[in-house]
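For reference, the structure is listed below as C-alpha cells.
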Amino acid sequence: MIITPKELQSWIKQGKNFTVFDVRPKKEIKKNPLSKLDSIAGELEEYKEIKGIVVLVCQIGLVTESMIIQNELFDTYSLLGGVEAWTNFIKEKNDLSRWSRQTILDEIGFEGQKKIMNSNVTIIGMGGLGCPAACSLVASGLGALKIIDGDEIEVSNLHRQHLFRERDIGKKKVLSAKKRLESLSEHVSISAKDIYLNEENGYDLIKNSDIIIDASDNIATRFIIDKLSKKKNIPLVYGALYKFEGYVSIFNVNGSKGYSELFPGTAISSETCNDAGILGMMPSIIGNMQALETIKLIVGIQPNLVGKLMLYNGLLNTTQIIEL
C-alpha cells in the first residue's frame with residue numbers, strides 16, 4: 001500500500017495514530033533529514049516490534065514499496081516518492097508524488113516536472129497519432145492541452161484510436177477525447193476545438209501554445225501547420241505514418257528546417273495517410289514518440305530530433321536517424 005505526502009499530511013491533521021519508520025542508512029538520514037515529520041529509524045527487524053499502522057520511508061519510495069511486497073507486511077504504507085517528494089511538498093505545498101517514477105530521473109527531477117505542469121501543448125488531429133500523444137502527455141502531468149479536430153468517430157477508427165469506444169461512434173472526436181483525458185488526470189486543463197484548422201482560423205487556434213504537435217492525416221493541413229509554426233516561432237513536433245513505417249521530427253526550432261523544406265514544392269495531394277492502410281499498433285508507437293520528443297523539448301533534454309528525421313520500420317523493428 002502507498003500513501004502520498006498530501007494524504008499523510010491529512011492523517012497528521014486528523015490526529016490519526018501511526019508511526020513513521022525511516023529505513024534509510026544513518027548517513028543518508030543525516031544528509032537528508034525528514035522535515036516536519038516525526039520518525040524513528042532502524043532495520044526491518046526493529047520495524048516488526050512496532051504496533052499499529054506504520055508508514056515506511058526511504059529516499060525515493062522504491063525500496064519501501066519492495067519491502068512491503070516481499071515481506072508481506074500488513075497495516076504498512078510506503079510514502080510515495082519518499083523523502084524527496086515529502087520535502088518538496090512541505091516546501092512548495094505541491095504534491096508531485098504522483099509522478100515520482102519520472103521525477104526520479106536525473107533528466108526530469110522536480111524542476112523538470114514543474115516545467116511540464118506549466119506547459120501548453122496544442123495537438124492538431126485527434127486520430128491515430130493524436131490519441132496516444134494526448135494520453136501520454138496528460139499522464140505525464142502536462143498543465144494545459146488544446147485538441148483540434150472537426151471529425152466524428154467512425155467504427156473504422158476504433159482499431160487505432162484507443163481513446164474511443166463503440167458507444168462513441170457518431171460523436172465528436174474532440175469532445176469524447178476531452179472527457180476521457182480529463183478522467184486520466186484532474187491536473188490538466190483541456191480545451192477542445194471541434195473545428196478543422198485552416199489558413200483563416202489557424203493563428204487563433206495555436207495562440208499561447210508552447211509546442212504544436214502535428215497529428216494530422218493530410219498533406220495540405222501539414223503545410224498550413226508548418227507555416228503557422230514558422231510564423232509564430234512555435235516548435236512543431238511532426239509525426240506521420242505509411243503502412244508499417246513511421247516518421248518523427250521536430251521542425252522550426254531556432255531556424256531549423258520545417259516540413260516545407262523536407263517536402264518542397266507546391267503540389268499538394270488530397271490523399272490522406274489512412275488511404276494507404278495502417279496496423280493499429282503503429283500510430284500508438286509514433287504518437288508516443290511525438291509525446292516523448294515534446295516532453296524532451298519542454299524540459300530541455302538532449303539529444304532530441306531537432307534537425308533530424310527518425311524513420312521507424314515496424315516490420316523490421318529498426319530505426320534510422322537522418323540529419324536534415
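Starting from 1 in every chain, residues are counted up; chains themselves are A, B, ... following the order of the C-alpha cells, and ligands are numbered from 1 as listed.
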Need the shell around Ile40 (chain A): protein/DNA/RNA residues with any atom at most 7 Å away, counting only C-alpha atoms. Skip same-chain ones fewer than 2 positions apart. Format as JSON, numbers by chain? {"A": [20, 21, 22, 42]}
Go ahead and save the residues from that selection, with N, CA and C atoms, as a CSV table (one decimal), in the first residue's frame.
```csv
chain,number,residue,atom,x,y,z
A,20,VAL,N,6.0,6.7,11.7
A,20,VAL,CA,6.8,6.8,10.5
A,20,VAL,C,8.2,6.1,10.8
A,21,PHE,N,8.5,5.2,10.0
A,21,PHE,CA,9.7,4.4,10.2
A,21,PHE,C,10.6,4.6,9.0
A,22,ASP,N,11.8,5.2,9.2
A,22,ASP,CA,12.8,5.6,8.2
A,22,ASP,C,13.8,4.4,8.0
A,42,GLY,N,15.6,2.6,11.7
A,42,GLY,CA,16.1,1.2,12.1
A,42,GLY,C,16.0,0.2,10.9
```
Mind checking which residues fall within 10 Å of region 218-235 of chain A, counting only C-alpha atoms, ignoring those fewer than 2 positions away in the same chain, and posting them as a PyMOL selection string? chain A and resi 124-125+196-199+202-203+206-216+237-238+240+250-261+263-264+266-274+294+297+306
Store the residues picked out above, limited to C-alpha atoms, as a short mmCIF file (atom, residue, chain, number, x, y, z; two decimals), in the first residue's frame.
```
data_model
loop_
_atom_site.label_atom_id
_atom_site.label_comp_id
_atom_site.auth_asym_id
_atom_site.auth_seq_id
_atom_site.Cartn_x
_atom_site.Cartn_y
_atom_site.Cartn_z
CA ILE A 124 -3.83 19.16 -34.34
CA GLY A 125 -5.69 15.96 -35.22
CA TYR A 196 -10.74 21.84 -38.81
CA LEU A 197 -7.63 24.01 -38.81
CA ASN A 198 -7.19 26.18 -41.90
CA GLU A 199 -5.47 29.35 -43.10
CA GLY A 202 -5.03 28.81 -37.64
CA TYR A 203 -3.40 31.72 -35.83
CA ILE A 206 -2.44 27.96 -31.91
CA LYS A 207 -2.33 31.12 -29.80
CA ASN A 208 -0.47 30.73 -26.45
CA SER A 209 0.92 27.33 -27.46
CA ASP A 210 4.42 26.40 -26.32
CA ILE A 211 4.61 23.43 -28.71
CA ILE A 212 2.46 22.20 -31.61
CA ILE A 213 2.05 18.50 -32.37
CA ASP A 214 1.16 17.72 -35.97
CA ALA A 215 -1.05 14.64 -35.75
CA SER A 216 -3.00 15.48 -38.91
CA VAL A 237 6.64 18.00 -33.42
CA TYR A 238 5.86 16.13 -36.62
CA ALA A 240 3.47 10.57 -39.97
CA ILE A 250 10.97 18.40 -34.66
CA PHE A 251 10.68 21.37 -37.01
CA ASN A 252 11.17 25.12 -36.79
CA VAL A 253 13.32 25.45 -33.68
CA ASN A 254 15.69 28.42 -33.79
CA GLY A 255 15.71 28.40 -37.57
CA SER A 256 15.87 24.64 -38.05
CA LYS A 257 14.24 23.13 -41.13
CA GLY A 258 10.50 22.61 -41.36
CA TYR A 259 8.03 20.41 -43.20
CA SER A 260 8.09 22.56 -46.33
CA GLU A 261 11.88 22.18 -46.57
CA PHE A 263 8.92 18.14 -48.73
CA PRO A 264 9.39 21.14 -51.05
CA THR A 266 3.54 23.32 -54.28
CA ALA A 267 1.81 20.13 -55.43
CA ILE A 268 -0.45 19.12 -52.57
CA SER A 269 -2.30 15.81 -52.68
CA SER A 270 -5.75 15.44 -51.16
CA GLU A 271 -4.97 11.83 -50.24
CA THR A 272 -4.92 11.08 -46.52
CA CYS A 273 -2.48 8.81 -44.74
CA ASN A 274 -5.35 6.47 -43.91
CA THR A 294 7.53 17.04 -26.75
CA LEU A 297 11.63 19.91 -25.63
CA VAL A 306 15.56 18.94 -33.88
#
```
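Here the question is which of A:Asn32, A:Ser183, A:Phe74, A:Val174 gets nearest to Ile50 (chain A) using only C-alpha atoms, and that residue is A:Phe74.
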How many Å separate CA of Leu305 (chain A) from CA of Glu323 (chain A)? 9.1 Å
Can you list, as a PDB file with N, CA, C and O atoms, in the first residue's frame, every protein, DNA or RNA residue that comes within 9 Å of Ser189 (chain A) when you count only C-alpha atoms, leaving out same-chain residues fewer than 2 positions away?
```pdb
ATOM      1  N   LEU A 142       1.114  17.193 -17.860  1.00  0.00           N
ATOM      2  CA  LEU A 142       1.004  18.420 -18.648  1.00  0.00           C
ATOM      3  C   LEU A 142      -0.065  19.348 -18.070  1.00  0.00           C
ATOM      4  O   LEU A 142      -1.133  18.906 -17.674  1.00  0.00           O
ATOM      5  N   GLY A 143       0.249  20.646 -18.059  1.00  0.00           N
ATOM      6  CA  GLY A 143      -0.667  21.606 -17.452  1.00  0.00           C
ATOM      7  C   GLY A 143      -1.848  21.983 -18.309  1.00  0.00           C
ATOM      8  O   GLY A 143      -2.977  22.079 -17.825  1.00  0.00           O
ATOM      9  N   ALA A 144      -1.622  22.200 -19.613  1.00  0.00           N
ATOM     10  CA  ALA A 144      -2.701  22.640 -20.498  1.00  0.00           C
ATOM     11  C   ALA A 144      -2.558  21.980 -21.859  1.00  0.00           C
ATOM     12  O   ALA A 144      -1.462  21.922 -22.421  1.00  0.00           O
ATOM     13  N   LEU A 145      -3.660  21.495 -22.391  1.00  0.00           N
ATOM     14  CA  LEU A 145      -3.667  20.813 -23.682  1.00  0.00           C
ATOM     15  C   LEU A 145      -4.844  21.313 -24.509  1.00  0.00           C
ATOM     16  O   LEU A 145      -5.980  21.353 -24.026  1.00  0.00           O
ATOM     17  N   LYS A 146      -4.564  21.696 -25.748  1.00  0.00           N
ATOM     18  CA  LYS A 146      -5.622  22.054 -26.693  1.00  0.00           C
ATOM     19  C   LYS A 146      -5.664  20.984 -27.775  1.00  0.00           C
ATOM     20  O   LYS A 146      -4.627  20.621 -28.343  1.00  0.00           O
ATOM     21  N   GLU A 182      -9.737  13.928 -19.335  1.00  0.00           N
ATOM     22  CA  GLU A 182      -9.964  14.531 -18.021  1.00  0.00           C
ATOM     23  C   GLU A 182     -10.146  13.469 -16.948  1.00  0.00           C
ATOM     24  O   GLU A 182      -9.858  13.728 -15.773  1.00  0.00           O
ATOM     25  N   GLU A 186      -6.849  15.098 -13.057  1.00  0.00           N
ATOM     26  CA  GLU A 186      -7.548  16.324 -12.689  1.00  0.00           C
ATOM     27  C   GLU A 186      -6.618  17.536 -12.750  1.00  0.00           C
ATOM     28  O   GLU A 186      -7.041  18.666 -12.531  1.00  0.00           O
ATOM     29  N   HIS A 187      -5.371  17.286 -13.094  1.00  0.00           N
ATOM     30  CA  HIS A 187      -4.365  18.349 -13.067  1.00  0.00           C
ATOM     31  C   HIS A 187      -4.234  19.075 -14.399  1.00  0.00           C
ATOM     32  O   HIS A 187      -3.496  20.049 -14.496  1.00  0.00           O
ATOM     33  N   SER A 191      -8.696  22.162 -23.604  1.00  0.00           N
ATOM     34  CA  SER A 191      -9.552  22.962 -24.481  1.00  0.00           C
ATOM     35  C   SER A 191      -9.799  22.148 -25.745  1.00  0.00           C
ATOM     36  O   SER A 191      -8.855  21.752 -26.437  1.00  0.00           O
TER      37      SER A 191
END
```
Could you name the residues that touch Lys26 (chain A) at 12 Å or less, counting only C-alpha atoms, but leaving out those on the same chain fewer than 2 positions away, as a ChimeraX atom specification? /A:22-24,28-33,40-43,58-59
Assign secondary structure with DSSP using the backbone only, and return the residues of region 127-263 of chain A in helix (DSSP H, G or I) as a PyMOL selection string. chain A and resi 130-140+155-157+166-168+173-184+202-205+219-232+259-262
Where in region 113-320 of chain A does DSSP assign strand (DSSP E), given as a ChimeraX atom specification? /A:120-124,144-148,189-193,211-214,236-242,245-251,308-313,318-320
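The shortest atom-to-atom distance to Tyr312 (chain A), with only C-alpha atoms taken into account, belongs to A:Phe244 out of A:Ser284, A:Leu44, A:Ile295, A:Phe244.
For the residues A:Ile60, A:Cys131, A:Ile195, A:Leu309, ranking by smallest atom-to-atom distance to Ser97 (chain A) using only C-alpha atoms places A:Ile60 first.
Using only C-alpha atoms, the shortest contact distance between Ile301 (chain A) and any of A:Asn313, A:Gly112, A:Leu137, A:Leu236 is found at A:Gly112.
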Have a look at A:Ala177, A:Ile169, A:Leu37, A:Ile286 and name the one nearest to Gln9 (chain A); count only C-alpha atoms. A:Leu37
Test item: residues at most 12 Å from Leu315 (chain A), only C-alpha atoms, excluding those fewer than 2 positions along its chain, as a ChimeraX atom specification: /A:242-246,279,281-282,312-313,317-319
So, counting only C-alpha atoms, which residue among A:Ile153, A:Ile3, A:Ile148, A:Leu241 is closest to Arg98 (chain A)? A:Ile3
Atomic separation - CA of Arg160 (chain A) relative to CA of Asp194 (chain A), Å: 20.3 Å
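Residues lying within 7 Å of Pro132 (chain A), counting only C-alpha atoms and ignoring same-chain neighbours fewer than 3 positions away, are Leu129, Cys135, Ser136, Ser284, Gly287 and Asn288 of chain A.
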Expressed in Å to a single decimal, how great is the separation between CA of Lys193 (chain A) and CA of Met126 (chain A)? 10.6 Å
